[in-house]
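J.: Dropping in upload-v3.csv, with CSV, C-alpha atoms and all ligand atoms.
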chain,number,residue,atom,x,y,z
A,213,MET,CA,90.3,98.4,152.4
A,214,ALA,CA,89.1,100.0,149.2
A,215,VAL,CA,88.9,103.8,149.1
A,216,ARG,CA,85.3,105.0,149.2
A,217,ARG,CA,84.6,107.0,146.1
A,218,SER,CA,82.1,109.8,145.4
A,219,VAL,CA,81.4,110.0,141.7
A,220,LEU,CA,79.8,112.7,139.5
A,221,VAL,CA,78.8,111.3,136.2
A,222,ASP,CA,78.5,113.4,133.0
A,223,THR,CA,76.6,111.4,130.3
A,224,ASP,CA,74.6,111.4,127.1
A,225,ILE,CA,72.8,108.3,128.3
A,226,GLY,CA,72.6,105.7,125.6
A,227,VAL,CA,72.7,102.0,125.9
A,228,ASP,CA,76.3,101.7,127.0
A,229,ASP,CA,76.1,104.7,129.4
A,230,ALA,CA,73.2,102.9,131.1
A,231,LEU,CA,75.3,99.8,131.8
A,232,ALA,CA,78.2,102.1,132.9
A,233,LEU,CA,75.9,103.9,135.3
A,234,LEU,CA,74.6,100.6,136.7
A,235,THR,CA,78.2,99.5,137.1
A,236,VAL,CA,79.0,102.5,139.3
A,237,LEU,CA,75.8,102.2,141.2
A,238,ASN,CA,76.5,98.5,141.9
A,239,GLU,CA,79.9,99.2,143.4
A,240,PRO,CA,79.5,99.1,147.2
A,241,ASP,CA,82.5,101.5,147.7
A,242,ALA,CA,81.2,104.2,145.3
A,243,ASP,CA,78.5,106.8,145.9
A,244,VAL,CA,77.0,108.4,142.8
A,245,ILE,CA,76.4,111.9,144.1
A,246,GLY,CA,75.0,113.4,140.9
A,247,ILE,CA,74.4,113.0,137.2
A,248,GLY,CA,74.7,115.7,134.5
A,249,THR,CA,73.4,115.1,131.0
A,250,VAL,CA,74.6,116.3,127.7
A,251,PHE,CA,73.6,116.0,124.0
A,252,GLY,CA,75.1,113.1,122.1
A,253,ASN,CA,73.3,109.7,121.7
A,254,CYS,CA,70.1,111.8,122.2
A,255,THR,CA,69.2,115.3,123.4
A,256,GLU,CA,70.3,116.4,126.9
A,257,VAL,CA,66.7,116.5,127.9
A,258,GLN,CA,66.0,112.9,126.7
A,259,ALA,CA,69.3,111.9,128.4
A,260,ALA,CA,67.9,113.3,131.7
A,261,SER,CA,64.8,111.2,131.3
A,262,ASN,CA,67.0,108.2,130.5
A,263,ALA,CA,69.1,108.8,133.6
A,264,LEU,CA,65.9,108.8,135.7
A,265,VAL,CA,64.8,105.5,134.0
A,266,VAL,CA,68.2,103.9,134.9
A,267,LEU,CA,68.1,105.2,138.5
A,268,ALA,CA,64.6,103.9,138.9
A,269,ALA,CA,65.8,100.5,137.7
A,270,ALA,CA,68.5,100.6,140.3
A,271,ASP,CA,66.1,102.0,143.0
A,272,ARG,CA,68.3,105.1,143.3
A,273,LEU,CA,66.1,108.0,142.4
A,274,ASP,CA,67.7,109.9,145.3
A,275,VAL,CA,70.5,110.8,142.9
A,276,PRO,CA,70.1,114.3,141.4
A,277,VAL,CA,69.9,114.6,137.6
A,278,CYS,CA,70.9,117.9,136.1
A,279,ILE,CA,70.4,118.9,132.4
A,280,GLY,CA,73.4,120.2,130.5
A,281,GLN,CA,74.5,121.6,127.2
A,282,SER,CA,72.5,121.3,123.9
A,283,ARG,CA,74.0,120.4,120.5
A,284,PRO,CA,75.0,123.5,118.7
A,285,GLY,CA,73.4,123.6,115.2
A,286,ARG,CA,71.3,120.9,113.6
A,287,GLN,CA,70.4,117.5,114.9
A,288,PRO,CA,72.2,114.6,113.0
A,289,LYS,CA,70.1,113.1,110.2
A,290,ALA,CA,71.4,109.5,110.7
A,291,PRO,CA,69.5,107.5,113.3
A,292,SER,CA,71.5,106.6,116.4
A,293,PRO,CA,72.2,102.9,116.9
A,294,HIS,CA,71.0,103.6,120.5
A,295,GLY,CA,67.5,104.3,119.1
A,296,SER,CA,65.8,107.6,118.8
A,297,ASP,CA,65.4,107.9,122.6
A,298,GLY,CA,68.9,106.6,123.4
A,299,LEU,CA,67.6,103.5,125.2
A,300,GLY,CA,66.6,101.3,122.3
A,301,ASP,CA,63.1,102.7,121.8
A,302,ARG,CA,61.5,100.4,124.4
A,303,GLY,CA,59.1,103.1,125.5
A,304,LEU,CA,60.7,103.5,128.9
A,305,VAL,CA,59.7,106.6,130.9
A,306,PRO,CA,60.7,107.6,134.4
A,307,PRO,CA,58.2,107.0,137.3
A,308,SER,CA,55.7,109.8,137.8
A,309,GLY,CA,57.2,112.4,140.0
A,310,ALA,CA,60.8,111.7,139.1
A,311,THR,CA,62.1,114.9,137.5
A,312,PRO,CA,65.5,116.6,136.8
A,313,SER,CA,66.9,119.1,139.3
A,314,ALA,CA,66.8,122.8,138.7
A,315,GLU,CA,70.6,123.2,138.8
A,316,THR,CA,72.3,122.9,135.4
A,317,ALA,CA,74.9,120.2,134.8
A,318,VAL,CA,77.6,122.8,134.3
A,319,ASP,CA,76.8,124.5,137.6
A,320,GLN,CA,76.8,121.1,139.3
A,321,ILE,CA,80.3,120.4,138.0
A,322,LEU,CA,81.5,123.8,139.3
A,323,ARG,CA,79.7,123.5,142.6
A,324,VAL,CA,80.9,120.0,143.4
A,325,GLY,CA,84.5,120.8,142.6
A,326,ARG,CA,84.3,123.9,144.7
A,327,GLU,CA,82.5,122.3,147.7
A,328,ARG,CA,84.5,119.1,147.8
A,329,PRO,CA,88.0,119.8,146.4
A,330,SER,CA,90.0,116.7,145.6
A,331,GLU,CA,87.3,114.4,147.0
A,332,VAL,CA,85.2,113.5,144.0
A,333,ASP,CA,85.8,111.4,140.9
A,334,LEU,CA,84.4,112.9,137.6
A,335,LEU,CA,83.3,110.3,135.0
A,336,CYS,CA,82.7,111.7,131.6
A,337,LEU,CA,80.7,109.4,129.2
A,338,GLY,CA,79.5,111.8,126.5
A,339,PRO,CA,80.6,114.7,124.4
A,340,LEU,CA,82.6,117.1,126.7
A,341,ALA,CA,80.4,120.2,126.2
A,342,ASN,CA,79.5,120.5,129.9
A,343,VAL,CA,83.1,120.2,131.1
A,344,ALA,CA,84.3,122.7,128.5
A,345,ALA,CA,81.6,125.1,129.6
A,346,ALA,CA,82.7,124.7,133.2
A,347,LEU,CA,86.3,125.3,132.2
A,348,GLU,CA,85.3,128.7,130.7
A,349,GLN,CA,84.1,129.8,134.2
A,350,ASP,CA,86.9,128.0,136.1
A,351,PRO,CA,90.0,127.1,134.1
A,352,LEU,CA,91.2,125.0,137.1
A,353,ILE,CA,88.0,123.0,137.6
A,354,LEU,CA,89.5,119.6,136.6
A,355,THR,CA,92.2,120.1,139.3
A,356,ARG,CA,89.4,120.3,141.9
A,357,TYR,CA,88.5,116.7,141.3
A,358,ARG,CA,90.3,113.7,142.7
A,359,ALA,CA,90.4,112.0,139.3
A,360,VAL,CA,88.8,112.7,135.9
A,361,THR,CA,88.1,109.6,133.7
A,362,ILE,CA,87.0,110.3,130.2
A,363,MET,CA,85.6,107.9,127.6
A,364,GLY,CA,87.0,109.5,124.6
A,365,GLY,CA,90.0,109.9,122.3
A,366,MET,CA,91.8,107.3,120.2
A,367,GLY,CA,94.8,106.7,122.5
A,368,PRO,CA,98.5,107.5,121.8
A,369,VAL,CA,99.0,108.6,118.2
A,370,GLY,CA,102.2,106.6,118.1
A,371,ARG,CA,100.1,103.4,118.4
A,372,ARG,CA,97.8,104.3,115.5
A,373,ASP,CA,99.2,101.6,113.1
A,374,THR,CA,99.3,99.0,115.9
A,375,GLU,CA,95.7,99.6,116.9
A,376,SER,CA,94.6,99.7,113.2
A,377,ALA,CA,96.2,96.3,112.6
A,378,ALA,CA,94.6,94.8,115.7
A,379,GLN,CA,91.2,96.4,115.1
A,380,PRO,CA,90.3,96.7,111.4
A,381,LEU,CA,87.4,99.1,112.1
A,382,PHE,CA,89.4,101.3,114.5
A,383,LEU,CA,89.9,104.3,112.3
A,384,ALA,CA,86.5,103.9,110.5
A,385,LYS,CA,84.7,104.0,113.9
A,386,GLY,CA,86.6,107.1,115.0
A,387,ASP,CA,86.2,109.0,118.2
A,388,THR,CA,82.4,109.5,118.6
A,389,ASN,CA,82.4,111.8,121.6
A,390,THR,CA,85.0,114.1,120.2
A,391,ASN,CA,83.4,114.2,116.8
A,392,HIS,CA,80.2,115.4,118.5
A,393,ALA,CA,82.0,118.4,120.1
A,394,PRO,CA,85.6,118.8,118.9
A,395,ALA,CA,86.2,122.2,120.4
A,396,ALA,CA,85.0,121.0,123.8
A,397,SER,CA,87.4,118.0,123.6
A,398,ALA,CA,90.3,120.3,122.7
A,399,ALA,CA,89.5,122.6,125.6
A,400,VAL,CA,89.4,119.7,128.1
A,401,ALA,CA,92.6,118.2,126.6
A,402,ALA,CA,94.4,121.5,127.2
A,403,ALA,CA,93.2,121.9,130.8
A,404,PRO,CA,95.3,120.9,133.8
A,405,GLY,CA,94.0,118.1,136.0
A,406,PRO,CA,94.3,114.4,136.9
A,407,VAL,CA,92.8,113.2,133.7
A,408,THR,CA,92.8,109.7,132.2
A,409,TRP,CA,91.4,109.2,128.7
A,410,VAL,CA,90.0,105.8,128.1
A,411,GLY,CA,89.6,105.9,124.4
A,412,MET,CA,88.2,104.0,121.5
A,413,ASN,CA,91.5,102.2,121.2
A,414,VAL,CA,90.8,100.3,124.4
A,415,THR,CA,87.0,100.4,124.8
A,416,GLY,CA,86.2,98.8,121.5
A,417,LYS,CA,88.1,95.7,122.5
A,418,LEU,CA,85.5,94.6,125.0
A,419,ARG,CA,83.0,92.4,123.2
A,420,MET,CA,80.4,90.9,125.4
A,421,PRO,CA,78.6,87.7,124.3
A,422,TRP,CA,74.9,88.4,123.8
A,423,ALA,CA,74.1,84.8,124.8
A,424,ASP,CA,75.5,85.4,128.3
A,425,LEU,CA,73.3,88.5,128.7
A,426,THR,CA,70.1,86.7,127.6
A,427,ALA,CA,71.0,83.8,129.9
A,428,LEU,CA,71.4,86.1,132.9
A,429,ALA,CA,68.2,88.0,132.0
A,430,GLY,CA,66.2,85.0,133.3
A,431,GLN,CA,67.7,85.3,136.7
A,432,SER,CA,68.5,89.0,137.2
A,433,THR,CA,66.3,92.1,136.9
A,434,THR,CA,69.4,94.2,136.1
A,435,ALA,CA,70.3,91.8,133.2
A,436,ALA,CA,66.7,91.8,132.0
A,437,PHE,CA,66.7,95.6,131.9
A,438,VAL,CA,70.0,95.7,130.0
A,439,ARG,CA,68.9,93.0,127.6
A,440,ASP,CA,65.7,95.0,126.8
A,441,ILE,CA,67.5,98.2,126.0
A,442,THR,CA,70.4,96.5,124.2
A,443,THR,CA,68.3,94.3,121.8
A,444,ASP,CA,68.6,96.5,118.7
A,445,TYR,CA,72.1,97.8,119.7
A,446,HIS,CA,73.5,94.3,119.9
A,447,ARG,CA,72.4,93.6,116.3
A,448,TYR,CA,74.2,96.8,115.2
A,449,CYS,CA,77.4,95.8,117.1
A,450,THR,CA,77.3,92.2,115.7
A,451,THR,CA,77.0,93.6,112.2
A,452,THR,CA,79.4,96.4,112.6
A,453,TYR,CA,82.2,94.3,114.1
A,454,ARG,CA,81.4,91.4,111.7
A,455,SER,CA,81.2,89.0,114.6
A,456,ALA,CA,80.4,85.4,114.0
A,457,GLU,CA,78.6,85.3,117.4
A,458,PRO,CA,76.1,87.9,118.5
A,459,ILE,CA,77.9,90.4,120.7
A,460,TYR,CA,77.5,93.9,122.2
A,461,THR,CA,80.0,96.5,123.1
A,462,SER,CA,79.9,98.8,126.1
A,463,HIS,CA,82.5,101.6,125.6
A,464,ASP,CA,81.3,103.6,128.6
A,465,SER,CA,81.3,100.6,130.9
A,466,VAL,CA,85.0,100.1,130.2
A,467,ALA,CA,85.7,103.7,131.3
A,468,ALA,CA,83.6,103.2,134.4
A,469,ALA,CA,85.5,100.1,135.3
A,470,ALA,CA,88.8,101.9,134.8
A,471,MET,CA,87.6,104.7,137.1
A,472,LEU,CA,86.4,102.3,139.8
A,473,ASP,CA,89.6,100.2,139.8
A,474,PRO,CA,92.5,102.1,138.2
A,475,THR,CA,94.6,98.9,138.4
A,476,VAL,CA,92.8,97.6,135.4
A,477,VAL,CA,94.8,100.2,133.4
A,478,LEU,CA,97.8,98.0,132.6
A,479,SER,CA,99.5,100.5,130.2
A,480,ALA,CA,99.2,104.3,129.8
A,481,ALA,CA,101.2,107.1,128.4
A,482,ASP,CA,101.5,110.7,129.6
A,483,LEU,CA,100.7,112.8,126.6
A,484,THR,CA,98.9,115.9,125.3
A,485,GLY,CA,95.6,115.5,123.5
A,486,ARG,CA,95.3,117.2,120.1
A,487,ILE,CA,92.5,117.1,117.5
A,488,LEU,CA,93.2,115.5,114.2
A,489,ARG,CA,90.8,115.4,111.3
A,490,ALA,CA,90.2,112.4,109.0
A,491,SER,CA,90.0,113.0,105.3
A,492,ASP,CA,86.2,113.1,105.6
A,493,GLY,CA,86.4,115.8,108.2
A,494,ARG,CA,85.6,113.8,111.3
A,495,ALA,CA,87.5,114.9,114.4
A,496,SER,CA,89.3,112.6,116.7
A,497,LEU,CA,91.5,113.3,119.7
A,498,TRP,CA,94.9,111.6,119.9
A,499,GLY,CA,97.6,111.7,122.6
A,500,GLN,CA,100.8,113.3,121.3
A,501,SER,CA,104.2,114.1,122.7
A,502,VAL,CA,104.3,117.8,123.0
A,503,THR,CA,106.7,119.7,125.3
A,504,GLN,CA,105.7,122.5,127.7
A,505,SER,CA,102.1,121.4,127.9
A,506,ASP,CA,99.9,119.9,130.5
A,507,ARG,CA,99.7,116.2,130.1
A,508,HIS,CA,97.0,113.6,130.7
A,509,ARG,CA,97.1,109.9,130.8
A,510,PHE,CA,96.1,107.9,127.7
A,511,ALA,CA,95.3,104.3,128.4
A,512,PHE,CA,96.4,101.7,125.8
A,513,ASP,CA,96.1,98.3,127.5
A,514,LEU,CA,93.5,97.2,130.0
A,515,ASP,CA,92.8,94.1,132.2
A,516,TYR,CA,89.8,92.9,130.2
A,517,THR,CA,89.4,89.8,132.4
A,518,ALA,CA,88.9,92.0,135.5
A,519,ILE,CA,86.5,94.4,133.5
A,520,ARG,CA,84.4,91.4,132.3
A,521,ARG,CA,84.2,90.1,135.8
A,522,ARG,CA,83.0,93.4,137.1
A,523,ILE,CA,80.3,93.9,134.4
A,524,ASN,CA,79.1,90.3,134.8
A,525,ALA,CA,78.8,90.9,138.5
A,526,VAL,CA,76.6,93.9,137.7
A,527,LEU,CA,74.5,91.9,135.3
A,528,GLY,CA,74.2,89.1,137.8
A,529,ALA,CA,72.8,91.3,140.5
A,530,ARG,CA,69.3,90.2,141.2
A,531,VAL,CA,68.2,93.6,142.3
A,532,ALA,CA,70.7,96.5,142.1
A,533,ARG,CA,71.5,98.3,145.3
B,1,CA,CA,78.1,107.8,126.1
Take the structure in the file and write it out as structure tokens.
T.:
Amino acid sequence: MAVRRSVLVDTDIGVDDALALLTVLNEPDADVIGIGTVFGNCTEVQAASNALVVLAAADRLDVPVCIGQSRPGRQPKAPSPHGSDGLGDRGLVPPSGATPSAETAVDQILRVGRERPSEVDLLCLGPLANVAAALEQDPLILTRYRAVTIMGGMGPVGRRDTESAAQPLFLAKGDTNTNHAPAASAAVAAAPGPVTWVGMNVTGKLRMPWADLTALAGQSTTAAFVRDITTDYHRYCTTTYRSAEPIYTSHDSVAAAAMLDPTVVLSAADLTGRILRASDGRASLWGQSVTQSDRHRFAFDLDYTAIRRRINAVLGARVAR
């Protein structure tokens, strides 16, 4: 029998975070006990609104949504491929009366770890500013979680050339979440805890056919919701990855699937995450062999058949739980 999971999700809800959240909500053996939001694809306040939109679509507005850290400094000038509101600019707003909780996302991370030691899985889908802020108050906070799964990093640095050959855009795409908050990623990478980094080296390899999503949208309210928010994003993905067929990626859903079923991680290395900067200044986190340091797992091969099966099951759900 599967182990029942309690999951706390930290997210900058954009298009792929939304499908990742639906993926966790659709898992009968997982309870989402809270959501914390952070800047990234949009502001942390917009992300809280988006979380409530997704929870409403899944009929799960009982899940608390806590607002977290703001972006230090200026907002980016370039428009996000997730749209200005993070959910594809479809004009989606939460139902009236649905509002974020008073607790901050950082306090939620600290409280849940303290109240339920080694019981809860932490799933991080955005820049790691909330987790880093929690670490400032409790340097052992990650050890208080049963498992910590992070969508971030570029995988083992020793596989850099292999990944670059397999994915021509790998280095050009970079490590989005780390580049938003490099110091936070570095702080999390240096902290002890049961951490698995599911990085751009593995998440970018999941390419979902747009035609499958549009076909499912006629039968499933969940697929119709995902199609609506992904319409512009899929054009961006198709162009960016120079795909002959229309596709969309879902980096965060890959991390969610790895958290829900760790057996989909076929290969991983125990390494220490360090920030490296590209020639244009962009920051990425790579797993490196360093002695006398806390190590985390860095995934480098996944069971994509199982991950596709899980996501398609989510999209085929007529009405999410
Ligand atoms: Ca995200």
J.: Just want the residues within 6 Å of ligand CA 1 (chain B), written as a list in words, counting all atoms listed in the file.
T.: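 So the residues close to ligand CA 1 (chain B) are Thr223, Asp224, Ile225, Gly226, Asp229, Leu337, Gly338 and Asp464 of chain A.
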J.: Hey, can you check how far atom CA of A:Val266 sits from atom CA of A:Lys289?
T.: 26.4 Å
J.: Of the candidates A:Leu425, A:Pro351, A:Trp498, A:Pro288, which one gets nearest to A:Ile441 if we count only C-alpha atoms?
T.: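 Of all the options, A:Leu425 lies closest to A:Ile441.
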J.: Give as a short mmCIF file (atom, residue, chain, number, x, y, z; two decimals) with C-alpha atoms, in the coordinates of the input every residue, naming chains and numbers as the document does, that has an atom within 7 Å of (75.6, 88.6, 133.8), counting only C-alpha atoms.
T.:
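File written: selection_5.cif
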data_model
loop_
_atom_site.label_atom_id
_atom_site.label_comp_id
_atom_site.auth_asym_id
_atom_site.auth_seq_id
_atom_site.Cartn_x
_atom_site.Cartn_y
_atom_site.Cartn_z
CA ASP A 424 75.50 85.40 128.30
CA LEU A 425 73.30 88.50 128.70
CA LEU A 428 71.40 86.10 132.90
CA ALA A 435 70.30 91.80 133.20
CA ASN A 524 79.10 90.30 134.80
CA ALA A 525 78.80 90.90 138.50
CA VAL A 526 76.60 93.90 137.70
CA LEU A 527 74.50 91.90 135.30
CA GLY A 528 74.20 89.10 137.80
#
J.: I want to know what sits within 6 Å of stretch 448-462 of chain A, based on only C-alpha atoms, with residues of the same chain fewer than 6 positions away left out; could you give that as a list in words?
T.: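 So the residues in contact are Asp228, Arg419, Met420, Pro421 and Trp422 of chain A.
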J.: Counting only C-alpha atoms, find the residues whose atoms lie at most 12 Å from (65.3, 95.6, 131.8) (file coordinates) and write them out as a VMD selection string.
T.: chain A and resid 227 230 to 231 234 265 to 266 268 to 270 299 to 300 302 to 304 425 to 426 428 to 443 527 530 to 532
J.: Calculated over all atoms listed in the file, which of the candidates A:Thr361, A:Thr415, A:Thr475, A:Ser376 has the smallest distance to A:Phe512?
T.: A:Thr415
J.: In terms of the shortest atom-to-atom distance over only C-alpha atoms, which of A:Val360, A:Leu334, A:Leu340, A:Ala263 is closest to A:Phe251?
T.: A:Leu340
J.: Just give me the gap between atom CA of A:Ala378 and atom CA of A:Ala511 in Å, one decimal is fine.
T.: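 Pair atom CA of A:Ala378 / atom CA of A:Ala511 returns 15.9 Å.
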J.: Would you mind telling me which residue in A:His463, A:Arg272, A:Arg283, A:Ala518 lies nearest to A:Ala393 when using all atoms listed in the file?
T.: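 Counting all atoms listed in the file, the residue closest to A:Ala393 is A:Arg283.
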J.: Could you check the closest approach to A:Asp473 for each of A:Ala346, A:Leu383, A:Asp515, A:Pro293 and tell me which residue wins, using only C-alpha atoms?
T.: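 Checking each candidate against A:Asp473, we get A:Asp515 as the closest.
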J.: Distance atom CA of A:Asp492-atom CA of A:Asp513, one decimal place?
T.: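 Spanning atom CA of A:Asp492 to atom CA of A:Asp513 is a straight-line distance of 28.2 Å.
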J.: Of the candidates A:Asp333, A:Leu322, A:Pro284, A:Ala468, which shows the shortest atom-to-atom distance to A:Glu239, using only C-alpha atoms?
T.: A:Ala468
J.: Can you build me a table of stretch 327-359 of chain A residues sitting at most 8 Å from stretch 305-318 of chain A, with the closest atom pair per residue and its distance in Å to one decimal, using only C-alpha atoms, sorted by chain and residue number, as JSON lines?
T.:
{"residue": "A:Asn342", "atom": "CA", "partner": "A:Val318", "partner_atom": "CA", "distance": 5.3}
{"residue": "A:Val343", "atom": "CA", "partner": "A:Val318", "partner_atom": "CA", "distance": 6.9}
{"residue": "A:Ala345", "atom": "CA", "partner": "A:Val318", "partner_atom": "CA", "distance": 6.6}
{"residue": "A:Ala346", "atom": "CA", "partner": "A:Val318", "partner_atom": "CA", "distance": 5.6}
